[in-house]
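Undergrad: Got query38.cif for you, mmCIF, C-alpha atoms and all ligand atoms:
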```
data_work
#
loop_
_atom_site.group_PDB
_atom_site.id
_atom_site.type_symbol
_atom_site.label_atom_id
_atom_site.label_comp_id
_atom_site.auth_asym_id
_atom_site.auth_seq_id
_atom_site.Cartn_x
_atom_site.Cartn_y
_atom_site.Cartn_z
ATOM 1 C CA MET A 1 -129.437 108.884 21.554
ATOM 2 C CA GLU A 2 -133.035 107.672 21.278
ATOM 3 C CA LYS A 3 -134.001 105.418 24.186
ATOM 4 C CA LYS A 4 -134.744 101.776 23.399
ATOM 5 C CA LYS A 5 -138.217 100.915 24.722
ATOM 6 C CA ILE A 6 -138.775 97.336 25.777
ATOM 7 C CA LEU A 7 -142.029 95.754 26.978
ATOM 8 C CA PHE A 8 -142.002 92.281 28.548
ATOM 9 C CA VAL A 9 -145.285 90.378 28.295
ATOM 10 C CA CYS A 10 -146.729 87.237 29.912
ATOM 11 C CA LEU A 11 -150.257 86.019 30.634
ATOM 12 C CA GLY A 12 -151.045 87.672 33.970
ATOM 13 C CA ASN A 13 -148.190 90.189 34.432
ATOM 14 C CA ILE A 14 -147.649 88.985 37.988
ATOM 15 C CA CYS A 15 -144.908 86.330 37.631
ATOM 16 C CA ARG A 16 -142.711 86.153 34.517
ATOM 17 C CA SER A 17 -142.912 89.587 32.889
ATOM 18 C CA PRO A 18 -142.510 91.651 36.089
ATOM 19 C CA SER A 19 -139.510 89.450 36.858
ATOM 20 C CA ALA A 20 -138.099 89.998 33.361
ATOM 21 C CA GLU A 21 -138.560 93.733 33.890
ATOM 22 C CA ALA A 22 -136.704 93.617 37.237
ATOM 23 C CA VAL A 23 -133.895 91.363 35.963
ATOM 24 C CA PHE A 24 -133.301 93.513 32.859
ATOM 25 C CA LYS A 25 -133.424 96.725 34.903
ATOM 26 C CA GLY A 26 -130.933 95.188 37.358
ATOM 27 C CA LEU A 27 -128.578 94.355 34.506
ATOM 28 C CA ILE A 28 -128.650 97.787 32.863
ATOM 29 C CA GLU A 29 -128.255 99.466 36.261
ATOM 30 C CA LYS A 30 -125.207 97.322 36.983
ATOM 31 C CA GLU A 31 -123.722 98.438 33.664
ATOM 32 C CA GLY A 32 -124.777 102.097 34.099
ATOM 33 C CA LEU A 33 -126.974 101.975 30.988
ATOM 34 C CA GLN A 34 -130.351 103.006 32.485
ATOM 35 C CA GLU A 35 -130.466 106.266 30.555
ATOM 36 C CA TYR A 36 -130.605 104.344 27.270
ATOM 37 C CA PHE A 37 -133.711 102.312 28.075
ATOM 38 C CA ILE A 38 -137.368 102.450 29.000
ATOM 39 C CA VAL A 39 -138.458 99.084 30.421
ATOM 40 C CA ASP A 40 -141.988 98.011 31.328
ATOM 41 C CA SER A 41 -144.149 94.880 31.518
ATOM 42 C CA ALA A 42 -147.771 93.963 30.817
ATOM 43 C CA GLY A 43 -150.135 90.987 30.645
ATOM 44 C CA ILE A 44 -152.189 89.481 27.861
ATOM 45 C CA THR A 45 -155.078 89.368 30.367
ATOM 46 C CA ASP A 46 -156.343 91.904 32.883
ATOM 47 C CA TYR A 47 -157.100 89.233 35.531
ATOM 48 C CA HIS A 48 -154.644 90.763 37.990
ATOM 49 C CA ALA A 49 -154.735 94.392 36.831
ATOM 50 C CA GLY A 50 -153.933 96.841 39.613
ATOM 51 C CA GLY A 51 -152.327 94.166 41.783
ATOM 52 C CA PRO A 52 -148.699 93.534 42.767
ATOM 53 C CA ALA A 53 -146.504 90.671 41.576
ATOM 54 C CA ASP A 54 -147.324 87.189 42.888
ATOM 55 C CA ALA A 55 -146.024 86.794 46.467
ATOM 56 C CA ARG A 56 -144.182 83.546 45.612
ATOM 57 C CA MET A 57 -142.481 85.165 42.627
ATOM 58 C CA GLN A 58 -141.529 88.138 44.802
ATOM 59 C CA ARG A 59 -140.029 85.844 47.439
ATOM 60 C CA HIS A 60 -137.866 83.962 44.937
ATOM 61 C CA ALA A 61 -136.828 87.176 43.157
ATOM 62 C CA THR A 62 -135.893 88.882 46.446
ATOM 63 C CA LYS A 63 -133.534 86.005 47.281
ATOM 64 C CA ARG A 64 -131.594 86.921 44.123
ATOM 65 C CA GLY A 65 -131.648 90.639 44.829
ATOM 66 C CA TYR A 66 -134.534 91.692 42.575
ATOM 67 C CA ASN A 67 -137.320 93.889 43.903
ATOM 68 C CA LEU A 68 -140.570 93.345 41.978
ATOM 69 C CA THR A 69 -142.311 96.704 42.189
ATOM 70 C CA SER A 70 -144.444 96.743 39.047
ATOM 71 C CA ILE A 71 -148.247 96.735 39.230
ATOM 72 C CA SER A 72 -150.079 94.448 36.806
ATOM 73 C CA ARG A 73 -151.684 95.956 33.746
ATOM 74 C CA PRO A 74 -152.956 94.496 30.475
ATOM 75 C CA VAL A 75 -151.270 95.160 27.131
ATOM 76 C CA ASP A 76 -152.749 98.198 25.429
ATOM 77 C CA PRO A 77 -152.638 97.089 21.795
ATOM 78 C CA ILE A 78 -152.779 100.591 20.370
ATOM 79 C CA THR A 79 -150.396 102.497 22.634
ATOM 80 C CA ASP A 80 -147.962 99.692 23.421
ATOM 81 C CA PHE A 81 -147.422 98.635 19.819
ATOM 82 C CA ARG A 82 -146.811 102.248 18.888
ATOM 83 C CA VAL A 83 -144.574 103.246 21.811
ATOM 84 C CA PHE A 84 -142.363 100.195 22.358
ATOM 85 C CA ASP A 85 -139.567 99.052 20.025
ATOM 86 C CA MET A 86 -139.550 95.454 21.254
ATOM 87 C CA ILE A 87 -142.446 93.493 22.738
ATOM 88 C CA ILE A 88 -141.079 90.302 24.233
ATOM 89 C CA GLY A 89 -143.411 87.427 25.142
ATOM 90 C CA MET A 90 -142.550 84.575 27.470
ATOM 91 C CA ASP A 91 -144.187 81.589 25.761
ATOM 92 C CA ASN A 92 -145.616 80.517 22.423
ATOM 93 C CA GLN A 93 -149.176 81.336 23.430
ATOM 94 C CA ASN A 94 -148.104 84.873 24.410
ATOM 95 C CA ILE A 95 -146.543 85.231 20.953
ATOM 96 C CA ARG A 96 -149.718 84.022 19.218
ATOM 97 C CA ASP A 97 -151.828 86.394 21.333
ATOM 98 C CA LEU A 98 -149.506 89.325 20.638
ATOM 99 C CA GLU A 99 -149.533 88.551 16.917
ATOM 100 C CA GLN A 100 -153.304 88.579 17.000
ATOM 101 C CA LEU A 101 -153.321 91.938 18.798
ATOM 102 C CA ALA A 102 -150.923 93.320 16.171
ATOM 103 C CA ALA A 103 -152.854 91.878 13.227
ATOM 104 C CA GLY A 104 -153.387 94.319 10.395
ATOM 105 C CA THR A 105 -150.527 96.587 11.473
ATOM 106 C CA ASN A 106 -146.792 96.370 10.832
ATOM 107 C CA ALA A 107 -146.147 96.050 14.565
ATOM 108 C CA ALA A 108 -145.668 92.277 14.309
ATOM 109 C CA THR A 109 -141.991 92.956 13.544
ATOM 110 C CA LYS A 110 -141.645 94.207 17.129
ATOM 111 C CA ILE A 111 -142.652 90.858 18.660
ATOM 112 C CA PHE A 112 -139.944 88.556 20.039
ATOM 113 C CA LYS A 113 -139.802 85.511 22.319
ATOM 114 C CA MET A 114 -137.712 85.733 25.476
ATOM 115 C CA THR A 115 -135.947 82.399 25.069
ATOM 116 C CA ASP A 116 -134.671 83.455 21.618
ATOM 117 C CA PHE A 117 -132.130 85.542 23.526
ATOM 118 C CA CYS A 118 -130.935 82.651 25.750
ATOM 119 C CA ASN A 119 -127.559 81.306 24.713
ATOM 120 C CA HIS A 120 -127.324 78.104 26.662
ATOM 121 C CA CYS A 121 -130.833 77.267 27.845
ATOM 122 C CA HIS A 122 -132.555 74.206 26.488
ATOM 123 C CA TYR A 123 -135.984 75.786 26.694
ATOM 124 C CA GLU A 124 -138.122 77.267 23.945
ATOM 125 C CA GLU A 125 -140.410 79.067 26.375
ATOM 126 C CA VAL A 126 -140.307 80.535 29.876
ATOM 127 C CA PRO A 127 -142.816 78.124 31.468
ATOM 128 C CA ASP A 128 -145.750 79.495 33.433
ATOM 129 C CA PRO A 129 -144.924 78.908 37.140
ATOM 130 C CA TYR A 130 -148.345 79.894 38.499
ATOM 131 C CA TYR A 131 -149.776 76.452 39.268
ATOM 132 C CA GLY A 132 -146.486 74.774 40.178
ATOM 133 C CA GLY A 133 -143.967 74.705 43.019
ATOM 134 C CA ASP A 134 -140.765 76.458 44.043
ATOM 135 C CA GLU A 135 -138.665 74.924 41.277
ATOM 136 C CA GLY A 136 -140.846 76.571 38.625
ATOM 137 C CA PHE A 137 -140.150 80.020 40.039
ATOM 138 C CA GLU A 138 -136.427 79.306 40.224
ATOM 139 C CA LEU A 139 -136.467 78.092 36.607
ATOM 140 C CA VAL A 140 -138.189 81.319 35.536
ATOM 141 C CA LEU A 141 -135.401 83.350 37.146
ATOM 142 C CA ASP A 142 -132.646 81.137 35.676
ATOM 143 C CA LEU A 143 -134.073 81.546 32.182
ATOM 144 C CA LEU A 144 -134.684 85.263 32.585
ATOM 145 C CA GLU A 145 -131.164 85.942 33.849
ATOM 146 C CA SER A 146 -129.717 84.184 30.814
ATOM 147 C CA ALA A 147 -132.144 85.744 28.332
ATOM 148 C CA CYS A 148 -131.688 89.273 29.713
ATOM 149 C CA ARG A 149 -127.919 88.950 29.331
ATOM 150 C CA GLY A 150 -128.451 87.705 25.758
ATOM 151 C CA LEU A 151 -130.918 90.511 25.028
ATOM 152 C CA LEU A 152 -128.502 93.188 26.236
ATOM 153 C CA ASN A 153 -125.680 91.678 24.138
ATOM 154 C CA PHE A 154 -128.018 91.599 21.126
ATOM 155 C CA LEU A 155 -128.845 95.281 21.597
ATOM 156 C CA LYS A 156 -125.202 96.261 22.082
ATOM 157 C CA ASN A 157 -124.312 94.476 18.823
ATOM 158 C CA GLN A 158 -127.088 96.328 16.987
ATOM 159 C CA LYS A 159 -125.415 99.672 17.553
HETATM 160 P P1 LIG A 201 -147.641 85.019 34.573
HETATM 161 O O1 LIG A 201 -148.283 83.851 35.466
HETATM 162 O O2 LIG A 201 -148.318 84.962 33.218
HETATM 163 O O3 LIG A 201 -146.201 84.659 34.508
HETATM 164 O O4 LIG A 201 -147.919 86.309 35.321
HETATM 165 C C1 LIG A 201 -149.648 83.669 35.611
HETATM 166 C C2 LIG A 201 -150.366 84.464 36.480
HETATM 167 C C3 LIG A 201 -151.719 84.264 36.662
HETATM 168 C C4 LIG A 201 -152.361 83.265 35.974
HETATM 169 C C5 LIG A 201 -151.662 82.455 35.087
HETATM 170 C C6 LIG A 201 -150.295 82.674 34.907
HETATM 171 N N1 LIG A 201 -153.752 83.044 36.171
HETATM 172 O O5 LIG A 201 -154.284 82.087 35.594
HETATM 173 O O6 LIG A 201 -154.377 83.796 36.934
#
```
Rewrite the structure of this file - the entire thing - as structure tokens.

TA:
Amino acid sequence: MEKKKILFVCLGNICRSPSAEAVFKGLIEKEGLQEYFIVDSAGITDYHAGGPADARMQRHATKRGYNLTSISRPVDPITDFRVFDMIIGMDNQNIRDLEQLAAGTNAATKIFKMTDFCNHCHYEEVPDPYYGGDEGFELVLDLLESACRGLLNFLKNQK
């Protein structure tokens, strides 16, 4: 079976999208489904390219058993829109930026918003935690855990 290729995207690729990558990988590992997926993350910007995930995000993720190992990189509009099946942004601005990067191609159909896969969260975006406190990082993880579960259910139902 062809692997499903999923790219999570946020602004800097140091808080939300590396966490989404780790949470989704944790879920598919728990279910023994790793062989069916390729999972990666990237940023709209290259501000933090080459660097590790934000130390605060890492600390909160570690407490829940997630190891954030990815190194920040910007979205590559040509390769990423060709290679990945789903490109999942964290907030409305990410979606607008991704749509702009995909303009003129048919890749816009690959763009999704993370909270669309949440079943019981009352949020329409995964809020940027970068300039806030601990509760923002915890909220990111709460939303991502719910959305990743919803995403996996969505993909299982597609088959
Ligand atoms: P992320 O968080 O998009 O979830 O990785 C941010 C990281 C860095 C910045 C903003 C948001 N920044 O302005 O540098």

Undergrad: Considering all atoms listed in the file, return as a VMD selection string whatever protein or nucleic-acid residues lie within 12 Å of Asp97 (chain A), sequence-local ones (same chain, fewer than 6 positions apart) excluded.

TA: chain A and resid 9 to 11 43 to 45 75 77 87 to 91 103 108 111

Undergrad: Can you list, as a ChimeraX atom specification, every protein, DNA or RNA residue that comes within 8 Å of region 22-26 of chain A when you count only C-alpha atoms, leaving out same-chain residues fewer than 6 positions away?

TA: /A:34,39,66-68,144-145,148-149

Undergrad: Counting only C-alpha atoms, find residues at most 9 Å from (-148.1, 94.4, 38.1) (file frame) and give them as an mmCIF file with C-alpha atoms, keeping the file's coordinate frame.

TA:
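Generated file (part_39.cif):
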```cif
data_model
loop_
_atom_site.group_PDB
_atom_site.id
_atom_site.type_symbol
_atom_site.label_atom_id
_atom_site.label_comp_id
_atom_site.auth_asym_id
_atom_site.auth_seq_id
_atom_site.Cartn_x
_atom_site.Cartn_y
_atom_site.Cartn_z
ATOM 1 C CA GLY A 12 -151.045 87.672 33.970
ATOM 2 C CA ASN A 13 -148.190 90.189 34.432
ATOM 3 C CA ILE A 14 -147.649 88.985 37.988
ATOM 4 C CA CYS A 15 -144.908 86.330 37.631
ATOM 5 C CA SER A 17 -142.912 89.587 32.889
ATOM 6 C CA PRO A 18 -142.510 91.651 36.089
ATOM 7 C CA SER A 41 -144.149 94.880 31.518
ATOM 8 C CA ALA A 42 -147.771 93.963 30.817
ATOM 9 C CA GLY A 43 -150.135 90.987 30.645
ATOM 10 C CA HIS A 48 -154.644 90.763 37.990
ATOM 11 C CA ALA A 49 -154.735 94.392 36.831
ATOM 12 C CA GLY A 50 -153.933 96.841 39.613
ATOM 13 C CA GLY A 51 -152.327 94.166 41.783
ATOM 14 C CA PRO A 52 -148.699 93.534 42.767
ATOM 15 C CA ALA A 53 -146.504 90.671 41.576
ATOM 16 C CA ASP A 54 -147.324 87.189 42.888
ATOM 17 C CA LEU A 68 -140.570 93.345 41.978
ATOM 18 C CA THR A 69 -142.311 96.704 42.189
ATOM 19 C CA SER A 70 -144.444 96.743 39.047
ATOM 20 C CA ILE A 71 -148.247 96.735 39.230
ATOM 21 C CA SER A 72 -150.079 94.448 36.806
ATOM 22 C CA ARG A 73 -151.684 95.956 33.746
#
```

Undergrad: Run through the PyMOL selection byres (((chain A and resi 109) around 10) and not hetatm) on the given coordinates and return the selected residues as a PDB file with C-alpha atoms, in the frame of the given file.

TA:
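Written file, selection.pdb:
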```pdb
ATOM      1  CA  ASP A  85    -139.567  99.052  20.025  1.00  0.00           C
ATOM      2  CA  MET A  86    -139.550  95.454  21.254  1.00  0.00           C
ATOM      3  CA  ILE A  87    -142.446  93.493  22.738  1.00  0.00           C
ATOM      4  CA  GLU A  99    -149.533  88.551  16.917  1.00  0.00           C
ATOM      5  CA  ALA A 102    -150.923  93.320  16.171  1.00  0.00           C
ATOM      6  CA  THR A 105    -150.527  96.587  11.473  1.00  0.00           C
ATOM      7  CA  ASN A 106    -146.792  96.370  10.832  1.00  0.00           C
ATOM      8  CA  ALA A 107    -146.147  96.050  14.565  1.00  0.00           C
ATOM      9  CA  ALA A 108    -145.668  92.277  14.309  1.00  0.00           C
ATOM     10  CA  LYS A 110    -141.645  94.207  17.129  1.00  0.00           C
ATOM     11  CA  ILE A 111    -142.652  90.858  18.660  1.00  0.00           C
ATOM     12  CA  PHE A 112    -139.944  88.556  20.039  1.00  0.00           C
TER      13      PHE A 112
END
```

Undergrad: Which residues come within 10 Å of Glu2 (chain A), counting all atoms listed in the file, excluding same-chain residues fewer than 3 positions away, as a ChimeraX atom specification?

TA: /A:5,35-37

Undergrad: Take the residues from that selection and put them in a file with C-alpha atoms, as a PDB file, in the frame of the given file.

TA:
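The resulting file, again13.pdb, is reproduced below:
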```pdb
ATOM      1  CA  LYS A   5    -138.217 100.915  24.722  1.00  0.00           C
ATOM      2  CA  GLU A  35    -130.466 106.266  30.555  1.00  0.00           C
ATOM      3  CA  TYR A  36    -130.605 104.344  27.270  1.00  0.00           C
ATOM      4  CA  PHE A  37    -133.711 102.312  28.075  1.00  0.00           C
TER       5      PHE A  37
END
```

Undergrad: Which centre and which edge lengths, in Å to one decimal, describe the axis-aligned box that holds all listed atoms of ligand LIG 201 (chain A) after 3 Å is added on each side, as JSON?

TA:
```
{"center_x": -150.3, "center_y": 84.2, "center_z": 35.1, "size_x": 14.2, "size_y": 10.2, "size_z": 9.7}
```

Undergrad: If you count only C-alpha atoms, which residues fall within 12 Å of His120 (chain A), apart from same-chain ones fewer than 4 positions away, as a short mmCIF file (atom, residue, chain, number, x, y, z; two decimals) with C-alpha atoms, in the frame of the given file?

TA:
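To be explicit, this is the file written out as selection.cif:
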```cif
data_model
loop_
_atom_site.label_atom_id
_atom_site.label_comp_id
_atom_site.auth_asym_id
_atom_site.auth_seq_id
_atom_site.Cartn_x
_atom_site.Cartn_y
_atom_site.Cartn_z
CA THR A 115 -135.95 82.40 25.07
CA ASP A 116 -134.67 83.46 21.62
CA GLU A 124 -138.12 77.27 23.94
CA ASP A 142 -132.65 81.14 35.68
CA LEU A 143 -134.07 81.55 32.18
CA LEU A 144 -134.68 85.26 32.58
CA GLU A 145 -131.16 85.94 33.85
CA SER A 146 -129.72 84.18 30.81
CA ALA A 147 -132.14 85.74 28.33
CA ARG A 149 -127.92 88.95 29.33
CA GLY A 150 -128.45 87.70 25.76
#
```

Undergrad: At what distance in Å, to one decimal, does CA of Leu152 (chain A) lie from atom C5 of ligand LIG 201 (chain A)?

TA: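 Pair atom C5 of ligand LIG 201 (chain A) / CA of Leu152 (chain A) returns 27.0 Å.
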
Undergrad: Which residue is closest to Leu151 (chain A)? Choose from A:Gly133, A:Glu125, A:Leu27, A:Phe117 and count all atoms listed in the file.

TA: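 Looking only at the distances to Leu151 (chain A), the closest residue turns out to be A:Phe117.
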
Undergrad: What separation in Å, quoted to one decimal, exists between CA of Ile6 (chain A) and CA of Glu21 (chain A)?

TA: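 Going from CA of Ile6 (chain A) over to CA of Glu21 (chain A) covers 8.9 Å.
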
Undergrad: Could you work out how far CA of Asn94 (chain A) lies from CA of Thr79 (chain A), giving the answer in Å with one decimal?

TA: 17.9 Å

Undergrad: Rank A:Asn153, A:Ala20, A:Phe8, A:Gln100 by their smallest atom-to-atom distance to Met57 (chain A), using all atoms listed in the file, and report the top residue only.

TA: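 Smallest distance to Met57 (chain A) is found for A:Ala20.
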
Undergrad: Applying the PyMOL selection byres (((chain A and resi 137) around 12) and not hetatm) to the file I just gave you, which residues come out? Please list them as a VMD selection string.

TA: chain A and resid 14 to 16 19 54 to 64 126 to 136 138 to 144

Undergrad: Smallest atom-to-atom distance to ligand LIG 201 (chain A): which of A:Lys4, A:Phe84, A:Ile28, A:Gln93, using all atoms listed in the file?

TA: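 Nearest candidate to ligand LIG 201 (chain A) out of A:Lys4, A:Phe84, A:Ile28, A:Gln93: A:Gln93.
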
Undergrad: I'd like to know which of A:Asp46, A:Arg96, A:Cys121, A:Asp76 is closest to ligand LIG 201 (chain A), using only C-alpha atoms and all ligand atoms.

TA: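 Ranked by minimum distance to ligand LIG 201 (chain A), first place goes to A:Asp46.
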